[in-house]
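Trainee: So here's upload_31.cif (mmCIF, C-alpha atoms and all ligand atoms).
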data_query
#
loop_
_atom_site.label_atom_id
_atom_site.label_comp_id
_atom_site.auth_asym_id
_atom_site.auth_seq_id
_atom_site.Cartn_x
_atom_site.Cartn_y
_atom_site.Cartn_z
CA MET A 9 -24.02 235.25 54.55
CA LYS A 10 -26.98 237.11 56.00
CA ARG A 11 -29.32 235.05 53.88
CA GLU A 12 -27.68 231.84 55.10
CA ALA A 13 -28.17 232.85 58.73
CA ARG A 14 -31.79 233.76 58.02
CA ASN A 15 -32.38 230.40 56.36
CA ARG A 16 -30.84 228.60 59.31
CA ARG A 17 -33.06 230.51 61.73
CA PHE A 18 -36.11 229.77 59.62
CA LYS A 19 -35.26 226.08 59.50
CA ALA A 20 -34.74 225.98 63.27
CA MET A 21 -38.12 227.66 63.86
CA ARG A 22 -39.83 225.21 61.51
CA THR A 23 -38.26 222.28 63.36
CA GLU A 24 -39.25 223.65 66.76
CA LYS A 25 -42.83 224.08 65.55
CA SER A 26 -42.91 220.59 64.15
CA LEU A 27 -41.58 219.03 67.39
CA ALA A 28 -44.08 221.04 69.44
CA ALA A 29 -46.89 219.83 67.16
CA SER A 30 -45.75 216.21 67.63
CA ARG A 31 -45.70 216.67 71.38
CA SER A 32 -49.19 218.04 71.50
CA LEU A 33 -50.49 215.24 69.24
CA VAL A 34 -48.98 212.67 71.61
CA ASP A 35 -50.28 214.41 74.74
CA ARG A 36 -53.80 214.69 73.37
CA GLU A 37 -53.90 211.09 72.19
CA LEU A 38 -52.57 209.77 75.51
CA GLU A 39 -55.28 211.72 77.31
CA ARG A 40 -57.87 210.20 74.99
CA ILE A 41 -56.54 206.67 75.42
CA LEU A 42 -56.59 207.00 79.20
CA SER A 43 -59.98 208.72 79.52
CA GLY A 44 -63.42 207.32 80.20
CA ASP A 45 -62.74 205.22 83.29
CA ASP A 46 -62.48 206.77 86.73
CA SER A 47 -61.46 203.67 88.65
CA LEU A 48 -58.56 203.85 91.09
CA LEU A 49 -56.46 201.86 88.63
CA TYR A 50 -57.01 204.36 85.83
CA GLN A 51 -56.37 207.25 88.19
CA ALA A 52 -52.95 205.76 88.96
CA MET A 53 -52.27 205.15 85.26
CA ARG A 54 -53.21 208.73 84.38
CA TYR A 55 -51.26 210.09 87.36
CA THR A 56 -48.08 208.67 85.88
CA VAL A 57 -48.57 209.07 82.14
CA LEU A 58 -50.06 212.56 82.26
CA SER A 59 -47.47 213.96 84.66
CA GLY A 60 -45.43 215.77 82.05
CA GLY A 61 -42.61 213.59 80.74
CA LYS A 62 -40.53 214.87 77.83
CA ARG A 63 -42.20 212.42 75.38
CA PHE A 64 -38.80 211.90 73.80
CA ARG A 65 -39.52 208.40 72.47
CA PRO A 66 -42.93 209.06 70.86
CA ILE A 67 -41.73 212.31 69.31
CA LEU A 68 -38.73 210.46 67.93
CA LEU A 69 -41.00 207.79 66.49
CA LEU A 70 -43.24 210.37 64.78
CA SER A 71 -40.15 212.19 63.47
CA SER A 72 -38.59 209.02 62.11
CA ALA A 73 -41.88 208.03 60.46
CA ALA A 74 -42.19 211.50 58.91
CA CYS A 75 -38.75 211.09 57.30
CA PHE A 76 -40.23 208.21 55.34
CA GLY A 77 -43.44 210.00 54.45
CA VAL A 78 -45.63 208.33 57.09
CA LEU A 79 -48.46 210.52 58.39
CA PRO A 80 -49.08 210.86 62.14
CA LYS A 81 -52.51 209.22 61.80
CA VAL A 82 -50.60 206.00 61.03
CA SER A 83 -47.61 206.37 63.37
CA LEU A 84 -49.36 207.95 66.39
CA PRO A 85 -50.73 204.73 67.96
CA PHE A 86 -47.23 203.21 67.93
CA ALA A 87 -45.75 206.41 69.36
CA CYS A 88 -48.30 206.40 72.20
CA ALA A 89 -47.79 202.69 72.82
CA LEU A 90 -44.09 203.30 73.28
CA GLU A 91 -44.78 206.07 75.79
CA LEU A 92 -47.18 203.78 77.68
CA ILE A 93 -44.49 201.09 77.86
CA HIS A 94 -41.94 203.68 79.02
CA ASN A 95 -44.28 204.87 81.77
CA SER A 96 -45.02 201.34 82.85
CA SER A 97 -41.27 200.77 83.21
CA LEU A 98 -40.87 203.98 85.24
CA ILE A 99 -43.54 202.86 87.71
CA HIS A 100 -41.82 199.50 88.17
CA ASP A 101 -38.36 201.08 88.27
CA ASP A 102 -39.36 203.31 91.20
CA LEU A 103 -40.72 200.45 93.33
CA PRO A 104 -38.92 199.54 96.58
CA ALA A 105 -37.90 196.21 95.01
CA MET A 106 -36.06 198.12 92.24
CA ASP A 107 -34.65 201.64 92.67
CA ASN A 108 -36.86 202.59 95.59
CA ASP A 109 -37.48 206.17 94.45
CA ASP A 110 -40.04 208.35 96.20
CA PHE A 111 -40.19 210.99 93.47
CA ARG A 112 -40.59 211.05 89.71
CA ARG A 113 -40.96 214.15 87.52
CA GLY A 114 -41.06 216.30 90.63
CA MET A 115 -44.05 214.43 92.06
CA LEU A 116 -44.48 211.46 94.38
CA SER A 117 -43.75 208.27 92.48
CA CYS A 118 -46.77 206.14 91.64
CA HIS A 119 -46.35 203.70 94.54
CA ARG A 120 -45.88 206.56 97.02
CA ALA A 121 -49.10 208.17 95.78
CA TYR A 122 -51.23 205.04 95.32
CA GLY A 123 -49.51 202.27 97.28
CA GLU A 124 -47.30 199.48 95.97
CA ASP A 125 -50.17 197.15 95.14
CA ILE A 126 -51.98 199.60 92.86
CA ALA A 127 -48.69 200.84 91.35
CA VAL A 128 -47.64 197.33 90.30
CA LEU A 129 -51.02 196.83 88.68
CA ALA A 130 -50.99 200.29 87.03
CA GLY A 131 -47.63 199.41 85.46
CA ASP A 132 -48.99 196.05 84.29
CA ALA A 133 -52.15 197.63 82.88
CA LEU A 134 -50.20 200.34 80.99
CA LEU A 135 -48.01 197.67 79.43
CA ILE A 136 -51.01 195.68 78.23
CA LEU A 137 -52.79 198.83 77.06
CA ALA A 138 -49.76 199.58 74.88
CA PHE A 139 -50.18 196.32 73.01
CA GLU A 140 -53.93 196.81 72.68
CA THR A 141 -53.24 200.27 71.24
CA MET A 142 -50.89 198.84 68.61
CA ALA A 143 -53.13 195.88 67.77
CA GLU A 144 -56.03 198.30 67.18
CA ALA A 145 -53.96 200.78 65.16
CA PRO A 146 -55.84 201.56 61.95
CA VAL A 147 -53.43 201.23 59.02
CA PRO A 148 -54.05 201.05 55.28
CA ALA A 149 -54.29 197.52 53.86
CA GLY A 150 -50.89 197.93 52.23
CA LEU A 151 -49.26 198.41 55.63
CA LEU A 152 -50.61 195.37 57.51
CA LEU A 153 -47.31 193.51 57.33
CA GLN A 154 -45.42 196.61 58.45
CA LYS A 155 -47.83 197.00 61.37
CA GLN A 156 -47.10 193.44 62.42
CA GLU A 157 -43.36 194.01 62.10
CA ALA A 158 -43.58 197.19 64.16
CA ILE A 159 -45.34 195.30 66.97
CA VAL A 160 -42.65 192.58 66.86
CA ILE A 161 -39.86 195.18 67.04
CA ILE A 162 -41.44 197.01 69.96
CA SER A 163 -42.15 193.73 71.80
CA ARG A 164 -38.54 192.59 71.48
CA LYS A 165 -37.03 195.94 72.35
CA ALA A 166 -39.23 196.25 75.44
CA GLY A 167 -38.87 192.65 76.57
CA ALA A 168 -36.17 190.25 77.72
CA PRO A 169 -33.75 190.92 74.82
CA GLY A 170 -34.20 194.69 75.32
CA MET A 171 -35.26 196.96 78.14
CA ILE A 172 -36.25 194.33 80.72
CA GLY A 173 -33.03 192.38 80.04
CA GLY A 174 -31.13 195.65 80.46
CA GLN A 175 -32.81 196.27 83.80
CA VAL A 176 -31.68 192.82 84.94
CA LEU A 177 -28.09 193.74 83.98
CA ASP A 178 -28.51 196.99 85.88
CA ILE A 179 -29.48 195.04 88.98
CA THR A 180 -26.96 192.21 88.70
CA LEU A 181 -23.78 193.83 87.37
CA LYS A 182 -21.51 195.16 90.11
CA PRO A 183 -20.40 198.74 89.33
CA GLY A 184 -16.85 197.92 90.48
CA GLU A 185 -16.50 194.98 88.08
CA LEU A 186 -17.80 196.69 84.94
CA THR A 187 -16.00 196.97 81.62
CA GLU A 188 -16.80 199.72 79.11
CA ALA A 189 -18.26 197.13 76.72
CA ALA A 190 -20.52 195.69 79.44
CA LEU A 191 -21.70 199.18 80.42
CA GLU A 192 -22.48 200.03 76.80
CA ASP A 193 -24.37 196.77 76.35
CA LEU A 194 -26.39 197.49 79.49
CA ILE A 195 -27.30 201.00 78.34
CA LEU A 196 -28.17 199.87 74.83
CA LYS A 197 -30.68 197.47 76.36
CA LYS A 198 -32.05 199.33 79.38
CA THR A 199 -32.40 202.76 77.78
CA GLY A 200 -31.35 202.38 74.15
CA ALA A 201 -33.77 199.61 73.19
CA LEU A 202 -36.94 201.73 73.34
CA ILE A 203 -35.19 204.59 71.56
CA VAL A 204 -33.99 202.27 68.79
CA ALA A 205 -37.52 200.85 68.65
CA ALA A 206 -38.85 204.38 68.09
CA ALA A 207 -36.39 205.06 65.27
CA GLU A 208 -36.86 201.66 63.61
CA THR A 209 -40.66 201.66 63.85
CA GLY A 210 -40.81 204.87 61.85
CA ALA A 211 -38.59 203.33 59.21
CA VAL A 212 -40.58 200.10 59.08
CA LEU A 213 -43.93 201.89 58.72
CA GLY A 214 -42.35 203.95 55.94
CA LYS A 215 -41.07 200.83 54.13
CA ALA A 216 -37.50 202.10 54.33
CA ARG A 217 -34.80 200.48 52.21
CA ARG A 218 -32.39 198.14 54.01
CA LYS A 219 -29.52 200.65 54.13
CA GLU A 220 -31.78 203.44 55.41
CA ARG A 221 -33.15 201.10 58.04
CA GLU A 222 -29.62 200.19 59.19
CA LEU A 223 -28.61 203.84 59.42
CA ILE A 224 -31.72 204.85 61.30
CA SER A 225 -31.06 202.00 63.71
CA ASP A 226 -27.43 203.18 64.18
CA PHE A 227 -28.82 206.65 64.80
CA GLY A 228 -31.17 205.21 67.46
CA LYS A 229 -28.34 203.37 69.19
CA CYS A 230 -26.14 206.48 69.41
CA VAL A 231 -29.07 208.56 70.63
CA GLY A 232 -29.86 205.88 73.23
CA LEU A 233 -26.28 205.94 74.52
CA ALA A 234 -26.20 209.74 74.55
CA PHE A 235 -29.57 209.83 76.33
CA GLN A 236 -28.31 207.71 79.23
CA VAL A 237 -24.99 209.55 79.57
CA ARG A 238 -26.89 212.84 79.73
CA ASP A 239 -29.31 211.40 82.28
CA ASP A 240 -26.36 210.28 84.43
CA ILE A 241 -24.65 213.68 84.13
CA LEU A 242 -27.84 215.51 85.17
CA ASP A 243 -28.44 213.05 88.00
CA SER A 244 -24.96 213.45 89.37
CA ARG A 245 -25.19 217.24 89.17
CA GLN A 246 -28.41 217.29 91.11
CA SER A 247 -26.71 214.92 93.57
CA ARG A 248 -30.09 213.31 94.02
CA ARG A 249 -30.24 211.36 97.31
CA ARG A 250 -30.97 207.79 96.35
CA LYS A 251 -32.48 205.30 98.74
CA GLY A 252 -31.91 202.36 96.42
CA PRO A 253 -28.74 200.34 95.89
CA GLU A 254 -25.79 201.66 93.89
CA ARG A 255 -26.25 201.03 90.15
CA PRO A 256 -23.76 201.21 87.27
CA ASP A 257 -23.60 204.69 85.77
CA THR A 258 -21.48 206.45 83.20
CA VAL A 259 -20.32 209.35 85.39
CA SER A 260 -18.99 207.04 88.10
CA PHE A 261 -17.40 204.85 85.43
CA PHE A 262 -15.78 207.49 83.21
CA GLY A 263 -15.64 210.52 85.48
CA MET A 264 -17.49 213.74 84.57
CA VAL A 265 -15.00 215.06 82.00
CA LYS A 266 -14.90 211.86 79.96
CA ALA A 267 -18.67 211.32 80.34
CA LYS A 268 -19.22 214.72 78.68
CA LYS A 269 -16.82 213.77 75.89
CA LYS A 270 -18.70 210.51 75.41
CA LEU A 271 -21.98 212.39 75.21
CA GLU A 272 -20.60 214.62 72.44
CA GLU A 273 -19.13 211.64 70.65
CA PHE A 274 -22.44 209.73 70.63
CA VAL A 275 -24.37 212.76 69.39
CA GLN A 276 -21.79 213.29 66.62
CA LYS A 277 -22.11 209.65 65.59
CA ALA A 278 -25.90 209.97 65.55
CA GLU A 279 -25.60 213.01 63.27
CA ALA A 280 -23.18 211.16 61.00
CA ALA A 281 -25.62 208.26 60.58
CA LEU A 282 -28.37 210.69 59.56
CA LEU A 283 -26.09 212.51 57.17
CA GLU A 284 -25.10 209.26 55.49
CA SER A 285 -28.76 208.31 55.08
CA SER A 286 -29.39 211.51 53.06
CA LEU A 287 -32.85 211.69 54.63
CA GLU A 288 -34.61 215.01 55.22
CA ALA A 289 -34.34 214.62 58.98
CA GLU A 290 -34.23 218.02 60.70
CA ASP A 291 -36.51 216.89 63.54
CA LEU A 292 -34.36 213.84 64.28
CA LEU A 293 -31.23 215.95 64.14
CA CYS A 294 -32.72 218.46 66.56
CA LEU A 295 -33.76 215.69 68.98
CA ALA A 296 -30.23 214.28 68.96
CA ARG A 297 -28.66 217.72 69.46
CA SER A 298 -31.09 218.55 72.27
CA LEU A 299 -29.22 215.94 74.32
CA LEU A 300 -26.20 218.22 74.42
CA ASN A 301 -28.21 220.68 76.47
CA LEU A 302 -27.22 219.96 80.04
CA LYS A 303 -28.99 222.92 81.59
CA ILE A 304 -32.73 222.67 81.16
CA GLU A 305 -34.70 219.55 81.82
CA GLY A 306 -37.93 220.27 80.03
CA SER A 307 -39.93 219.57 76.97
CA HIS A 308 -38.43 218.87 73.58
CA GLY A 309 -41.48 220.26 71.93
C1 LIG A 401 -42.77 196.86 83.25
C2 LIG A 401 -42.14 197.21 80.86
C3 LIG A 401 -41.72 197.02 82.25
C4 LIG A 401 -40.41 197.03 82.55
C5 LIG A 401 -39.83 196.68 83.87
C6 LIG A 401 -38.15 198.55 85.56
C7 LIG A 401 -37.82 198.09 84.20
C8 LIG A 401 -38.30 196.77 83.77
C9 LIG A 401 -37.08 198.84 83.36
C10 LIG A 401 -36.61 200.17 83.70
C11 LIG A 401 -35.97 200.79 82.55
C12 LIG A 401 -35.63 202.22 82.84
C13 LIG A 401 -36.41 203.00 83.83
C14 LIG A 401 -34.62 202.78 82.21
C15 LIG A 401 -34.20 204.17 82.45
C16 LIG A 401 -34.39 204.96 81.22
C17 LIG A 401 -34.42 206.42 81.50
C18 LIG A 401 -33.18 207.19 81.31
C19 LIG A 401 -35.58 206.98 81.92
C20 LIG A 401 -35.83 208.41 82.00
O1 LIG A 401 -36.51 208.73 80.80
P1 LIG A 401 -36.96 210.17 80.41
O2 LIG A 401 -35.88 211.14 80.76
O3 LIG A 401 -38.16 210.39 81.39
O4 LIG A 401 -37.44 210.16 79.01
P2 LIG A 401 -39.46 211.32 81.16
O5 LIG A 401 -39.88 211.66 82.56
O6 LIG A 401 -39.06 212.53 80.37
O7 LIG A 401 -40.45 210.48 80.46
#
Go through the file and emit its structure as structure tokens.
Ligand code: GRG
Mentor:
Amino acid sequence: MKREARNRRFKAMRTEKSLAASRSLVDRELERILSGDDSLLYQAMRYTVLSGGKRFRPILLLSSAACFGVLPKVSLPFACALELIHNSSLIHDDLPAMDNDDFRRGMLSCHRAYGEDIAVLAGDALLILAFETMAEAPVPAGLLLQKQEAIVIISRKAGAPGMIGGQVLDITLKPGELTEAALEDLILKKTGALIVAAAETGAVLGKARRKERELISDFGKCVGLAFQVRDDILDSRQSRRRKGPERPDTVSFFGMVKAKKKLEEFVQKAEAALLESSLEAEDLLCLARSLLNLKIEGSHG
């Protein structure tokens, strides 16, 4: 019994170390990608990207890739690209034409710090930089097709069928007229798509078998749903004053008690998908379980 507990503690420490190492790889590479140009545009890009996000998506991508034996030197450019896309979406999401938020990550949002004109362009430039980063990703000759497939997946998940389409649903669906299925579809696109992209990209780069790929995608979907429910719970607890219009959210839809149940249910389903895959996936498991923590909003690393 004692030995079991010791093993569990050892495993947890190893996972924590591994997630922290992934985080620092991502942070260092993002700094490198965004260095070397001191123009106002780059200052605004760096202001947003290097302002201390959790790096959930890139760490998830590196962790998924590692499950399939892919080294960070191969998966890192895709992980960073995903974080650049995420940051570009945050800049645009905060604009007066969207959610009209003055603050992000405890700092002034990009348009409040640099003006709307520069913020729009910083978001655009980050998005394009993400695709340049993936196009330039050095991969072994035997992985060229997988590199191409990864870029296609990330493009679709970020674009009209994915995150941007989800944002349109967020803007156009009236909270009072929502069904549970419509809300789930919205979340799977707006928030889930990039998270699924992270999980699937790792599997693609690792030439996963079809079944493994399906399970890792199911895992990504459940984590995406859990991620948004948690975000809504934390938002409603902080009773953040919003200037923007009312948007659909899971706490208003389900009520707090059921939203928490939903969060647990999605995390359990994510765990079940991993278990069924039989992959060595402690880091992924830990990332999914970290979403149950409703107290601290900080780093996963
Ligand atoms: C320009 C690519 C592009 C998109 C425009 C505005 C928009 C379309 C999409 C917005 C999508 C969006 C902001 C979804 C919300 C997802 C979400 C819960 C964000 C918070 O993510 P965290 O918690 O943030 O990972 P940190 O700060 O940790 O990075």
Trainee: Could you list the protein, DNA and RNA residues that have any atom within 9 Å of ligand LIG 401 (chain A), counting all atoms listed in the file, and write them as a ChimeraX atom specification?
Mentor: /A:57,59-65,91-103,106-107,112-113,128,131-132,134-135,166-167,171-176,178,195,197-200,202,232,235-240,305-307
Trainee: Choose the residue, out of A:Val147, A:Leu300, A:Cys294, A:Leu287, that has the smallest atom-to-atom separation from Leu27 of chain A; count only C-alpha atoms.
Mentor: A:Cys294
Trainee: What's the 9 Å shell around Glu188 of chain A, counting all atoms listed in the file, without same-chain residues fewer than 3 positions away, as a PyMOL selection string?
Mentor: chain A and resi 191-193+261-262
Trainee: Excluding Ala206 of chain A and its own-chain neighbours fewer than 3 positions away, which residues fall within 10 Å of it when counting all atoms listed in the file? Please give them as a PDB file with C-alpha atoms, in the frame of the given file.
Mentor:
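What landed in part-v8.pdb:
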ATOM      1  CA  PHE A  64     -38.800 211.900  73.800  1.00  0.00           C
ATOM      2  CA  ARG A  65     -39.520 208.400  72.470  1.00  0.00           C
ATOM      3  CA  PRO A  66     -42.930 209.060  70.860  1.00  0.00           C
ATOM      4  CA  ILE A  67     -41.730 212.310  69.310  1.00  0.00           C
ATOM      5  CA  LEU A  68     -38.730 210.460  67.930  1.00  0.00           C
ATOM      6  CA  LEU A  69     -41.000 207.790  66.490  1.00  0.00           C
ATOM      7  CA  LEU A  70     -43.240 210.370  64.780  1.00  0.00           C
ATOM      8  CA  SER A  71     -40.150 212.190  63.470  1.00  0.00           C
ATOM      9  CA  SER A  72     -38.590 209.020  62.110  1.00  0.00           C
ATOM     10  CA  ALA A  73     -41.880 208.030  60.460  1.00  0.00           C
ATOM     11  CA  PHE A  86     -47.230 203.210  67.930  1.00  0.00           C
ATOM     12  CA  ALA A  87     -45.750 206.410  69.360  1.00  0.00           C
ATOM     13  CA  LEU A  90     -44.090 203.300  73.280  1.00  0.00           C
ATOM     14  CA  GLU A  91     -44.780 206.070  75.790  1.00  0.00           C
ATOM     15  CA  ALA A 158     -43.580 197.190  64.160  1.00  0.00           C
ATOM     16  CA  ILE A 161     -39.860 195.180  67.040  1.00  0.00           C
ATOM     17  CA  ILE A 162     -41.440 197.010  69.960  1.00  0.00           C
ATOM     18  CA  LYS A 165     -37.030 195.940  72.350  1.00  0.00           C
ATOM     19  CA  GLY A 200     -31.350 202.380  74.150  1.00  0.00           C
ATOM     20  CA  ALA A 201     -33.770 199.610  73.190  1.00  0.00           C
ATOM     21  CA  LEU A 202     -36.940 201.730  73.340  1.00  0.00           C
ATOM     22  CA  ILE A 203     -35.190 204.590  71.560  1.00  0.00           C
ATOM     23  CA  THR A 209     -40.660 201.660  63.850  1.00  0.00           C
ATOM     24  CA  GLY A 210     -40.810 204.870  61.850  1.00  0.00           C
ATOM     25  CA  ALA A 211     -38.590 203.330  59.210  1.00  0.00           C
ATOM     26  CA  ILE A 224     -31.720 204.850  61.300  1.00  0.00           C
ATOM     27  CA  SER A 225     -31.060 202.000  63.710  1.00  0.00           C
ATOM     28  CA  GLY A 228     -31.170 205.210  67.460  1.00  0.00           C
TER      29      GLY A 228
END
Trainee: List as a ChimeraX atom specification: which residues have an atom within 7 Å of (-19.8, 216.8, 85.0), counting only C-alpha atoms?
Mentor: /A:241,245,264-265,268
Trainee: To one decimal place in Å, what is the distance between atom CA of Gly123 of chain A and atom CA of Ala52 of chain A?
Mentor: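 Value for the atom CA of Gly123 of chain A-atom CA of Ala52 of chain A distance: 9.7 Å.
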Trainee: With distances taken over only C-alpha atoms, which residue among A:Cys230, A:Ala105, A:Leu79, A:Met21 lies nearest Glu290 of chain A?
Mentor: A:Met21
Trainee: Would you compute the distance between atom CA of Ser260 of chain A and atom CA of Lys182 of chain A? Give it in Å to one decimal.
Mentor: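 Separation of atom CA of Ser260 of chain A and atom CA of Lys182 of chain A: 12.3 Å.
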Trainee: Which distance in Å separates atom CA of Gln276 of chain A and atom CA of Ala296 of chain A, to one decimal?
Mentor: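 It comes out at 8.8 Å.
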Trainee: Select, from A:Lys303, A:Arg297, A:Lys229, A:Arg120, the residue with the minimum atom-to-atom distance to Tyr55 of chain A, counting only C-alpha atoms.
Mentor: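 Of A:Lys303, A:Arg297, A:Lys229, A:Arg120, the one nearest Tyr55 of chain A is A:Arg120, counting only C-alpha atoms.
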Trainee: Segment 77-167 of chain A near segment 30-48 of chain A within 9 Å: what's each residue's closest atom pair and its distance in Å to one decimal, counting only C-alpha atoms, ordered by chain then ascending residue number, as a Markdown table?
Mentor:
| residue | atom | partner | partner_atom | distance |
| --- | --- | --- | --- | --- |
| A:Pro80 | CA | A:Ser30 | CA | 8.4 |
| A:Leu84 | CA | A:Val34 | CA | 7.0 |
| A:Pro85 | CA | A:Glu37 | CA | 8.3 |
| A:Ala87 | CA | A:Val34 | CA | 7.4 |
| A:Cys88 | CA | A:Val34 | CA | 6.3 |
| A:Ala89 | CA | A:Leu38 | CA | 9.0 |
| A:Glu91 | CA | A:Leu38 | CA | 8.6 |
| A:Leu92 | CA | A:Leu38 | CA | 8.3 |
| A:Tyr122 | CA | A:Leu48 | CA | 8.5 |
| A:Ile126 | CA | A:Leu48 | CA | 8.0 |
| A:Leu137 | CA | A:Ile41 | CA | 8.8 |
| A:Thr141 | CA | A:Ile41 | CA | 8.3 |
Trainee: Using all atoms listed in the file, which protein or nucleic acid residues come within 12 Å of Pro148 of chain A? Drop anything in the same chain fewer than 6 positions from it, and give the result as a list in words.
Mentor: Val78, Leu79, Lys81, Val82, Ser83, Gln154, Lys155 and Leu213 of chain A
Trainee: Considering all atoms listed in the file, return as a list in words whatever protein or nucleic-acid residues lie within 10 Å of Ala20 of chain A, sequence-local ones (same chain, fewer than 5 positions apart) excluded.
Mentor: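 Neighbouring residues, sequence-local ones excluded: Arg14, Asn15, Lys25, Ser26, Glu290, Asp291 and Cys294 of chain A.
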